Structure formats: C-alpha cells, structure tokens
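Worksheet: one structure, shown below.
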Amino acid sequence: MSFENIVLEMPEPGIYLLTVNRPKALNALNPATLGEIGQAVAQVAADGAARVLLVTGAGDKAFVAGADISAMQSFTAVEAKEFSLQGLRVLRSLENLRVPVIAVVNGYCLGGGCELAMSCDWILASDRALFGQPEVNLGVTPGFGGTQRLTRLVGRALALELVTTARNLKADEALAAGLVTRVFPAESLREEAFKMARVVASKGPVAVRLAKETIQRGQDLDLDNACVLESDAFALCFTTADQKEGMTAFLEKRKANFEGK
Ligand code: DAK
C-alpha cells in the first residue's frame with residue numbers, strides 16, 4: 001500500500017514504524033492523513049508477523065502539531081462532527097491494535113498530536129518534547145478524545161488545568177505527571193525506542209497480546225471481574241507452545257525461541 005502523508009515500514013522483523021510525514025506543516029493531521037493512519041493500522045492488524053508498532057513524526061521539530069487548522073478553519077458543524085468521528089475511530093483502532101503501540105515523541109505534540117500519542121499504549125519522549133491541548137486558543141475543545149484520555153492518564157485536576165489554560169508540558173513535567181514513561185536525549189530517542197521495541201518483539205507474542213488486552217479491558221472493570229479476565233488470559237497461555245517453550249527454556253538455562261503459537 002502506498003501513502004502520501006505517512007510512511008509505514010517494517011525496518012526490523014516484527015517491528016513496524018509509522019511516521020506521520022508532513023514536516024512542512026509540522027505533521028498536522030488533515031482528513032487524508034487520518035485516513036491513511038487508519039489504513040496503516042488495518043495493515044498492521046492483518047499481519048500476523050507484527051509484534052510492535054512505533055508511531056512517530058517526520059523531522060526533528062514535531063511529532064504532530066495538532067489537527068490541521070487550515071483544513072478545519074472553514075468546517076461546518078456537520079463537517080466538524082465527521083472529522084471528530086473520523087479521528088476518534090482511527091485513534092480507537094490504534095488503541096485496539098492487538099500488539100503494543102509506542103509513541104515516539106520528538107518535538108511538538110499538541111492538540112490532535114497529543115491525542116494521537118495518548119491513544120498509543122505508552123509514550124517515549126525526547127528531552128525536547130512539548131505536550132499540550134491548546135484547542136481553547138482556537139475557540140474549540142479537543143475533538144479526538146483528549147478530554148477523556150488525558151484525564152485518565154494524568155487525573156482530572158491537571159487535565160482541566162491544561163485543557164482550559166492551553167499550558168504546555170515539557171518532557172520532565174510530562175514524565176512526573178505520568179503522561180510519558182521515559183525521556184531520552186533527542187539524539188538517542190529513536191535508538192532507545194527501537195531497543196525497547198526489540199525487547200517487546202523478543203517476548204512470547206501471545207502472552208504480550210493477552211497482557212495488553214487484559215490491562216486494557218480490565219481497567220474499566222471492578223477488581224473482581226478484572227482479575228477473572230486476568231486468570232482466563234493466564235490459563236489460555238497454557239494452551240500455547242510458547243508457554244511450554246518459555247518454561248522449558250528457563251529450566252534448560254537457554255534463551256526461549258518463541259513462535260507465536
Ligand atoms: N495545522 C496546520 N498547520 C500547522 C499546524 C496545525 N496544527 N501547526 C503548524 N502548522 C504549520 C504552520 O502554519 C506553518 O506553515 P507555513 O506558514 O510554513 O505554511 C508550519 O506548520 C510551521 O509552523 P510555524 O511557522 O508556526 O512554526 P513555529 O516553530 O513558529 O511554531 C508551533 C510552532 C507548534 C508553536 C506553532 O506552529 C503552533 O502553535 N501551531 C499550532 C498548534 C496548535 O494549536 N495545535 C492544536 C491544533 S487544534 C475537533 C477535531 C479536532 C480537534 C478539535 C476539535 N472537532 C471536529 C470537534 C483538534 C484540534 C487541534 O488539534
């Protein structure tokens with residue numbers, strides 16, 4: 001599949017890299033770009049060899065500086081609703097991808113860009129990253145789930161402060177707030193992200209998928225029901241060859257050779 005606004009590649013076995021590629025517009029998300037991200041997610045979802053997806057922005061200035069303001073400026077309310085629903089749908093499909101998805105944030109990560117990053121499973125940031133939901137500067141609210149995902153990640157008070165003041169967070173504050181999991185020097189961000197992706201790709205693929213599903217599905221349940229999900233996932237692992245291989249390899253003091261079945 002060929003794209004105009006993104007690049008999707010598999011630079012190493014099992015590791016997909018999706019790059020939003022509109023550096024002249026700081027990788028802003030217009031409807032075409034969102035559509036291509038949706039197609040790329042479907043492509044990764046259909047590839048049984050996929051183990052992890054990295055999502056980043058082209059250039060060293062921005063991950064994504066937001067939804068495309070020039071595309072939105074003349075929207076009618078109906079078009080705005082369609083755009084918002086498209087964004088919500090695409091970001092949800094990314095979130096629901098069965099393999100872990102890691103955002104690799106190298107600069108401005110604003111508005112729809114922050115919403116894209118938050119729909120990934122976790123965020124790695126460079127020390128030059130800047131996060132925010134500045135939509136109120138433009139007279140609108142966040143439209144791709146920012147009010148909800150930011151609140152779940154950093155809590156109600158900070159989410160409200162950030163969304164209503166449009167204040168941006170530097171990487172260190174984003175780390176302290178739990179919005180990002182790790183911060184790296186800008187020069188080493190990409191290599192650190194690949195190192196982490198290789199670690200994920202080396203683990204039992206079925207176990208990794210089930211762990212993601214259990215954490216995701218369980219977080220909105222009460223603890224008793226969530227733990228039933230976990231115990232079912234754990235039991236399901238014992239139907240796989242990977243469980244036998246993983247435990248046998250441990251006992252034989254060798255590296256496991258997982259096949260994803
Ligand atoms: N959209 C379109 N173009 C953008 C852009 C964006 N979000 N951000 C930057 N650009 C473009 C600039 O217009 C400029 O283009 P040229 O003038 O060169 O043609 C180019 O990228 C470089 O930007 P700057 O010259 O401004 O670069 P600076 O380094 O001076 O400043 C900046 C970088 C990130 C501080 C600045 O560009 C900026 O403030 N950008 C806007 C950031 C922002 O407000 N982001 C949030 C966008 S709103 C909804 C659906 C979705 C949403 C809301 C509602 N519904 C349908 C209900 C989501 C909204 C958003 O994400």
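Every chain in the structure tokens has a letter given in the order shown (A, B, ...), and although residue numbers restart at 1 in each chain, ligands are simply numbered from 1 in the order shown.
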Secondary structure check, alpha helix (DSSP H) residues of segment 141-234 of chain A, as a VMD selection string:
chain A and resid 146 to 154 156 to 165 171 to 177 189 to 202 205 to 218 223 to 234
What do you get as a PyMOL selection string if you pick all residues at most 7 Å from ligand 1, counting only C-alpha atoms and all ligand atoms?
chain A and resi 24-26+28+65-70+80-84+108+110-113+133-135+137-138+140-144
Please give the complete set of residues from segment 5-248 of chain A that DSSP, run on the backbone, assigns to strand (DSSP E), formatted as a VMD selection string.
chain A and resid 6 to 12 15 to 20 52 to 57 62 to 64 101 to 105 108 to 110 122 to 126 130 to 132 169 to 170 182 to 184
For Gln86 of chain A, which of A:Leu54, A:Ala32, A:Ile123, A:Val163 is the closest residue, counting only C-alpha atoms?
A:Ala32
I'd like the neighbourhood of Ala50 of chain A as a ChimeraX atom specification, where a residue qualifies if any of its atoms comes within 9 Å (using only C-alpha atoms), though same-chain residues fewer than 3 positions away should be ignored.
/A:10,13-16,44-47,53,99,201
Name the residues in contact with Ala241 of chain A at a cut-off of 9 Å, using only C-alpha atoms, excluding same-chain residues fewer than 2 positions from it; report them as a VMD selection string.
chain A and resid 237 to 239 243 to 246 258 to 261
Could you take the residues named above and write them with N, CA and C atoms, as a tab-separated table (two decimals), in the first residue's frame?
```tsv
chain	number	residue	atom	x	y	z
A	237	CYS	N	-2.80	-19.04	28.11
A	237	CYS	CA	-1.37	-19.17	27.75
A	237	CYS	C	-0.93	-20.63	27.80
A	238	PHE	N	-1.56	-21.43	28.68
A	238	PHE	CA	-1.15	-22.83	28.83
A	238	PHE	C	-1.64	-23.72	27.69
A	239	THR	N	-2.37	-23.12	26.72
A	239	THR	CA	-2.71	-23.86	25.50
A	239	THR	C	-1.66	-23.62	24.42
A	243	GLN	N	4.24	-21.21	25.80
A	243	GLN	CA	4.34	-21.40	27.27
A	243	GLN	C	5.27	-22.56	27.57
A	244	LYS	N	5.12	-23.67	26.80
A	244	LYS	CA	6.00	-24.83	27.04
A	244	LYS	C	7.44	-24.41	26.75
A	245	GLU	N	7.63	-23.75	25.62
A	245	GLU	CA	8.98	-23.34	25.23
A	245	GLU	C	9.59	-22.38	26.26
A	246	GLY	N	8.81	-21.39	26.71
A	246	GLY	CA	9.33	-20.38	27.65
A	246	GLY	C	9.77	-21.02	28.95
A	258	PHE	N	10.47	-18.23	20.79
A	258	PHE	CA	9.01	-18.16	20.69
A	258	PHE	C	8.56	-18.13	19.23
A	259	GLU	N	7.47	-18.82	18.97
A	259	GLU	CA	6.96	-18.83	17.59
A	259	GLU	C	5.58	-18.18	17.46
A	260	GLY	N	5.05	-17.73	18.56
A	260	GLY	CA	3.75	-17.05	18.49
A	260	GLY	C	2.59	-17.99	18.32
A	261	LYS	N	2.75	-19.21	18.86
A	261	LYS	CA	1.61	-20.13	18.79
A	261	LYS	C	1.58	-21.03	20.02
```
What's around segment 177-182 of chain A at 10 Å? Count only C-alpha atoms, leave out sequence neighbours fewer than 4 positions away in its own chain, and write the answer as a PyMOL selection string.
chain A and resi 103-105+114+117-118+122-127+131+150+152-155+158+169+171-173+189+192-193
Would you mind exporting the chosen residues as an mmCIF file, in the first residue's frame, restricted to N, CA and C atoms?
```
data_model
loop_
_atom_site.group_PDB
_atom_site.id
_atom_site.type_symbol
_atom_site.label_atom_id
_atom_site.label_comp_id
_atom_site.auth_asym_id
_atom_site.auth_seq_id
_atom_site.Cartn_x
_atom_site.Cartn_y
_atom_site.Cartn_z
ATOM 1 N N ALA A 103 4.321 5.459 21.209
ATOM 2 C CA ALA A 103 4.511 6.770 20.583
ATOM 3 C C ALA A 103 5.939 7.233 20.856
ATOM 4 N N VAL A 104 6.598 7.741 19.828
ATOM 5 C CA VAL A 104 7.979 8.214 19.940
ATOM 6 C C VAL A 104 7.941 9.705 19.607
ATOM 7 N N VAL A 105 7.979 10.530 20.655
ATOM 8 C CA VAL A 105 7.634 11.954 20.514
ATOM 9 C C VAL A 105 8.895 12.816 20.538
ATOM 10 N N CYS A 114 -1.239 15.260 20.518
ATOM 11 C CA CYS A 114 -1.206 14.705 21.878
ATOM 12 C C CYS A 114 -2.254 13.604 21.983
ATOM 13 N N ALA A 117 -0.832 10.553 20.374
ATOM 14 C CA ALA A 117 0.165 9.920 21.257
ATOM 15 C C ALA A 117 -0.520 9.182 22.408
ATOM 16 N N MET A 118 -1.575 9.800 22.951
ATOM 17 C CA MET A 118 -2.252 9.178 24.100
ATOM 18 C C MET A 118 -3.053 7.941 23.710
ATOM 19 N N TRP A 122 1.988 3.511 25.271
ATOM 20 C CA TRP A 122 2.794 4.383 26.120
ATOM 21 C C TRP A 122 3.594 5.318 25.241
ATOM 22 N N ILE A 123 4.124 6.355 25.912
ATOM 23 C CA ILE A 123 4.794 7.432 25.170
ATOM 24 C C ILE A 123 6.245 7.540 25.633
ATOM 25 N N LEU A 124 7.169 7.509 24.673
ATOM 26 C CA LEU A 124 8.569 7.825 24.942
ATOM 27 C C LEU A 124 8.809 9.224 24.389
ATOM 28 N N ALA A 125 9.500 10.048 25.155
ATOM 29 C CA ALA A 125 9.672 11.440 24.725
ATOM 30 C C ALA A 125 11.142 11.804 24.649
ATOM 31 N N SER A 126 11.448 12.731 23.756
ATOM 32 C CA SER A 126 12.789 13.310 23.774
ATOM 33 C C SER A 126 12.764 14.466 24.779
ATOM 34 N N ASP A 127 13.951 14.881 25.205
ATOM 35 C CA ASP A 127 14.008 15.990 26.172
ATOM 36 C C ASP A 127 13.558 17.308 25.538
ATOM 37 N N PHE A 131 4.181 18.898 25.245
ATOM 38 C CA PHE A 131 2.836 18.310 25.174
ATOM 39 C C PHE A 131 1.792 19.356 25.553
ATOM 40 N N LEU A 150 -6.611 12.237 28.396
ATOM 41 C CA LEU A 150 -5.698 12.996 29.262
ATOM 42 C C LEU A 150 -6.135 12.865 30.726
ATOM 43 N N ARG A 152 -7.748 10.411 32.096
ATOM 44 C CA ARG A 152 -7.430 9.066 32.602
ATOM 45 C C ARG A 152 -5.930 8.929 32.884
ATOM 46 N N LEU A 153 -5.104 9.612 32.112
ATOM 47 C CA LEU A 153 -3.650 9.466 32.287
ATOM 48 C C LEU A 153 -3.091 10.322 33.414
ATOM 49 N N VAL A 154 -3.547 11.579 33.523
ATOM 50 C CA VAL A 154 -2.897 12.485 34.486
ATOM 51 C C VAL A 154 -3.827 12.915 35.615
ATOM 52 N N GLY A 155 -5.104 12.519 35.546
ATOM 53 C CA GLY A 155 -6.056 12.906 36.590
ATOM 54 C C GLY A 155 -6.839 14.152 36.188
ATOM 55 N N LEU A 158 -5.237 18.110 36.769
ATOM 56 C CA LEU A 158 -4.217 18.559 35.807
ATOM 57 C C LEU A 158 -4.792 18.608 34.392
ATOM 58 N N LEU A 169 3.243 21.175 28.558
ATOM 59 C CA LEU A 169 4.134 20.486 29.491
ATOM 60 C C LEU A 169 5.433 20.127 28.785
ATOM 61 N N ALA A 171 8.956 17.861 28.690
ATOM 62 C CA ALA A 171 9.101 16.412 28.873
ATOM 63 C C ALA A 171 9.215 16.016 30.347
ATOM 64 N N ASP A 172 9.996 16.786 31.128
ATOM 65 C CA ASP A 172 10.189 16.362 32.520
ATOM 66 C C ASP A 172 8.887 16.435 33.312
ATOM 67 N N GLU A 173 8.058 17.463 33.023
ATOM 68 C CA GLU A 173 6.779 17.555 33.741
ATOM 69 C C GLU A 173 5.808 16.477 33.252
ATOM 70 N N LEU A 189 16.760 9.201 21.066
ATOM 71 C CA LEU A 189 15.364 8.763 21.215
ATOM 72 C C LEU A 189 15.022 7.604 20.290
ATOM 73 N N GLU A 192 16.726 4.358 21.279
ATOM 74 C CA GLU A 192 16.137 3.835 22.521
ATOM 75 C C GLU A 192 14.762 3.226 22.246
ATOM 76 N N ALA A 193 14.004 3.864 21.350
ATOM 77 C CA ALA A 193 12.670 3.338 21.020
ATOM 78 C C ALA A 193 12.805 1.979 20.336
#
```
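When only C-alpha atoms are used to measure the gap to Ser119 of chain A, the shortest distance among A:Lys61, A:Leu8, A:Gln216, A:Leu162 belongs to A:Gln216.
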Go ahead and compute the interatomic distance for atom CA of Thr76 of chain A and atom CA of Gly35 of chain A, in Å to one decimal.
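It comes out at 19.6 Å.
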Near segment 225-230 of chain A, counting only C-alpha atoms, which residues have an atom at most 12 Å away, once you skip same-chain residues fewer than 2 positions from it, shown as JSON, numbers by chain?
{"A": [207, 210, 211, 212, 213, 214, 215, 216, 217, 218, 219, 220, 221, 222, 223, 232, 233, 234, 235, 236, 237]}
Given the selection you just returned, output its residues as a file containing N, CA, C and O atoms, formatted as an mmCIF file, in the first residue's frame.
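selection05.cif, freshly written:
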```cif
data_model
loop_
_atom_site.group_PDB
_atom_site.id
_atom_site.type_symbol
_atom_site.label_atom_id
_atom_site.label_comp_id
_atom_site.auth_asym_id
_atom_site.auth_seq_id
_atom_site.Cartn_x
_atom_site.Cartn_y
_atom_site.Cartn_z
ATOM 1 N N ALA A 207 1.433 -14.077 24.747
ATOM 2 C CA ALA A 207 1.387 -13.527 26.108
ATOM 3 C C ALA A 207 1.360 -11.998 26.070
ATOM 4 O O ALA A 207 0.622 -11.355 26.822
ATOM 5 N N LEU A 210 -2.107 -10.907 24.985
ATOM 6 C CA LEU A 210 -3.101 -11.121 26.047
ATOM 7 C C LEU A 210 -2.887 -10.136 27.207
ATOM 8 O O LEU A 210 -3.854 -9.676 27.821
ATOM 9 N N ALA A 211 -1.631 -9.823 27.484
ATOM 10 C CA ALA A 211 -1.354 -8.864 28.569
ATOM 11 C C ALA A 211 -1.927 -7.495 28.209
ATOM 12 O O ALA A 211 -2.561 -6.827 29.040
ATOM 13 N N LYS A 212 -1.742 -7.085 26.952
ATOM 14 C CA LYS A 212 -2.303 -5.789 26.532
ATOM 15 C C LYS A 212 -3.820 -5.802 26.657
ATOM 16 O O LYS A 212 -4.423 -4.884 27.210
ATOM 17 N N GLU A 213 -4.412 -6.873 26.158
ATOM 18 C CA GLU A 213 -5.872 -6.963 26.165
ATOM 19 C C GLU A 213 -6.410 -6.944 27.604
ATOM 20 O O GLU A 213 -7.399 -6.262 27.905
ATOM 21 N N THR A 214 -5.721 -7.664 28.489
ATOM 22 C CA THR A 214 -6.204 -7.759 29.868
ATOM 23 C C THR A 214 -6.090 -6.411 30.588
ATOM 24 O O THR A 214 -7.004 -5.992 31.303
ATOM 25 N N ILE A 215 -4.970 -5.740 30.387
ATOM 26 C CA ILE A 215 -4.803 -4.428 31.031
ATOM 27 C C ILE A 215 -5.843 -3.444 30.485
ATOM 28 O O ILE A 215 -6.510 -2.732 31.237
ATOM 29 N N GLN A 216 -5.995 -3.460 29.150
ATOM 30 C CA GLN A 216 -6.932 -2.516 28.522
ATOM 31 C C GLN A 216 -8.380 -2.781 28.926
ATOM 32 O O GLN A 216 -9.100 -1.874 29.324
ATOM 33 N N ARG A 217 -8.792 -4.032 28.801
ATOM 34 C CA ARG A 217 -10.198 -4.362 29.098
ATOM 35 C C ARG A 217 -10.478 -4.299 30.590
ATOM 36 O O ARG A 217 -11.593 -4.029 31.017
ATOM 37 N N GLY A 218 -9.455 -4.602 31.392
ATOM 38 C CA GLY A 218 -9.670 -4.682 32.833
ATOM 39 C C GLY A 218 -9.755 -3.328 33.520
ATOM 40 O O GLY A 218 -10.365 -3.205 34.577
ATOM 41 N N GLN A 219 -9.178 -2.291 32.900
ATOM 42 C CA GLN A 219 -9.055 -1.039 33.659
ATOM 43 C C GLN A 219 -10.393 -0.362 33.923
ATOM 44 O O GLN A 219 -10.499 0.429 34.865
ATOM 45 N N ASP A 220 -11.420 -0.691 33.145
ATOM 46 C CA ASP A 220 -12.725 -0.082 33.400
ATOM 47 C C ASP A 220 -13.665 -1.024 34.160
ATOM 48 O O ASP A 220 -14.852 -0.733 34.313
ATOM 49 N N LEU A 221 -13.141 -2.170 34.590
ATOM 50 C CA LEU A 221 -13.968 -3.120 35.348
ATOM 51 C C LEU A 221 -13.658 -3.011 36.844
ATOM 52 O O LEU A 221 -12.628 -2.476 37.230
ATOM 53 N N ASP A 222 -14.542 -3.578 37.668
ATOM 54 C CA ASP A 222 -14.215 -3.688 39.087
ATOM 55 C C ASP A 222 -13.122 -4.755 39.240
ATOM 56 O O ASP A 222 -12.923 -5.595 38.352
ATOM 57 N N LEU A 223 -12.414 -4.716 40.363
ATOM 58 C CA LEU A 223 -11.227 -5.560 40.520
ATOM 59 C C LEU A 223 -11.544 -7.051 40.402
ATOM 60 O O LEU A 223 -10.787 -7.805 39.780
ATOM 61 N N ASP A 232 -8.290 -15.877 33.195
ATOM 62 C CA ASP A 232 -8.612 -16.544 31.920
ATOM 63 C C ASP A 232 -7.453 -16.410 30.918
ATOM 64 O O ASP A 232 -7.112 -17.358 30.204
ATOM 65 N N ALA A 233 -6.871 -15.204 30.882
ATOM 66 C CA ALA A 233 -5.744 -14.989 29.957
ATOM 67 C C ALA A 233 -4.568 -15.879 30.341
ATOM 68 O O ALA A 233 -3.921 -16.505 29.483
ATOM 69 N N PHE A 234 -4.318 -15.950 31.653
ATOM 70 C CA PHE A 234 -3.214 -16.777 32.158
ATOM 71 C C PHE A 234 -3.433 -18.238 31.754
ATOM 72 O O PHE A 234 -2.540 -18.902 31.221
ATOM 73 N N ALA A 235 -4.667 -18.721 31.956
ATOM 74 C CA ALA A 235 -4.968 -20.121 31.623
ATOM 75 C C ALA A 235 -4.815 -20.353 30.112
ATOM 76 O O ALA A 235 -4.283 -21.390 29.682
ATOM 77 N N LEU A 236 -5.254 -19.376 29.325
ATOM 78 C CA LEU A 236 -5.169 -19.514 27.868
ATOM 79 C C LEU A 236 -3.715 -19.690 27.403
ATOM 80 O O LEU A 236 -3.430 -20.411 26.448
ATOM 81 N N CYS A 237 -2.797 -19.036 28.111
ATOM 82 C CA CYS A 237 -1.373 -19.170 27.751
ATOM 83 C C CYS A 237 -0.926 -20.633 27.802
ATOM 84 O O CYS A 237 -0.010 -21.034 27.071
#
```
Leu94 of chain A surroundings by only C-alpha atoms, 8 Å radius, close-in-sequence under 5 positions cut, as a PyMOL selection string
chain A and resi 38+41+101+119-120
Let me see the file: selected residues, N, CA and C atoms, as a tab-separated table (two decimals), in the first residue's frame.
```tsv
chain	number	residue	atom	x	y	z
A	38	GLY	N	-5.44	5.25	9.53
A	38	GLY	CA	-6.43	4.17	9.70
A	38	GLY	C	-6.11	2.97	8.82
A	41	VAL	N	-3.04	1.16	10.20
A	41	VAL	CA	-3.36	0.35	11.39
A	41	VAL	C	-4.00	-0.97	10.95
A	101	VAL	N	1.65	-0.55	21.05
A	101	VAL	CA	1.90	0.61	20.19
A	101	VAL	C	2.62	1.66	21.04
A	119	SER	N	-3.33	7.77	22.42
A	119	SER	CA	-4.04	6.55	22.02
A	119	SER	C	-3.05	5.40	21.79
A	120	CYS	N	-1.76	5.72	21.86
A	120	CYS	CA	-0.75	4.65	21.85
A	120	CYS	C	-0.67	4.08	23.28
```
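Ranking A:Val52, A:Leu175, A:Gly139, A:Leu29 by their shortest atom-to-atom distance to Glu115 of chain A, with only C-alpha atoms included, puts A:Leu29 first.
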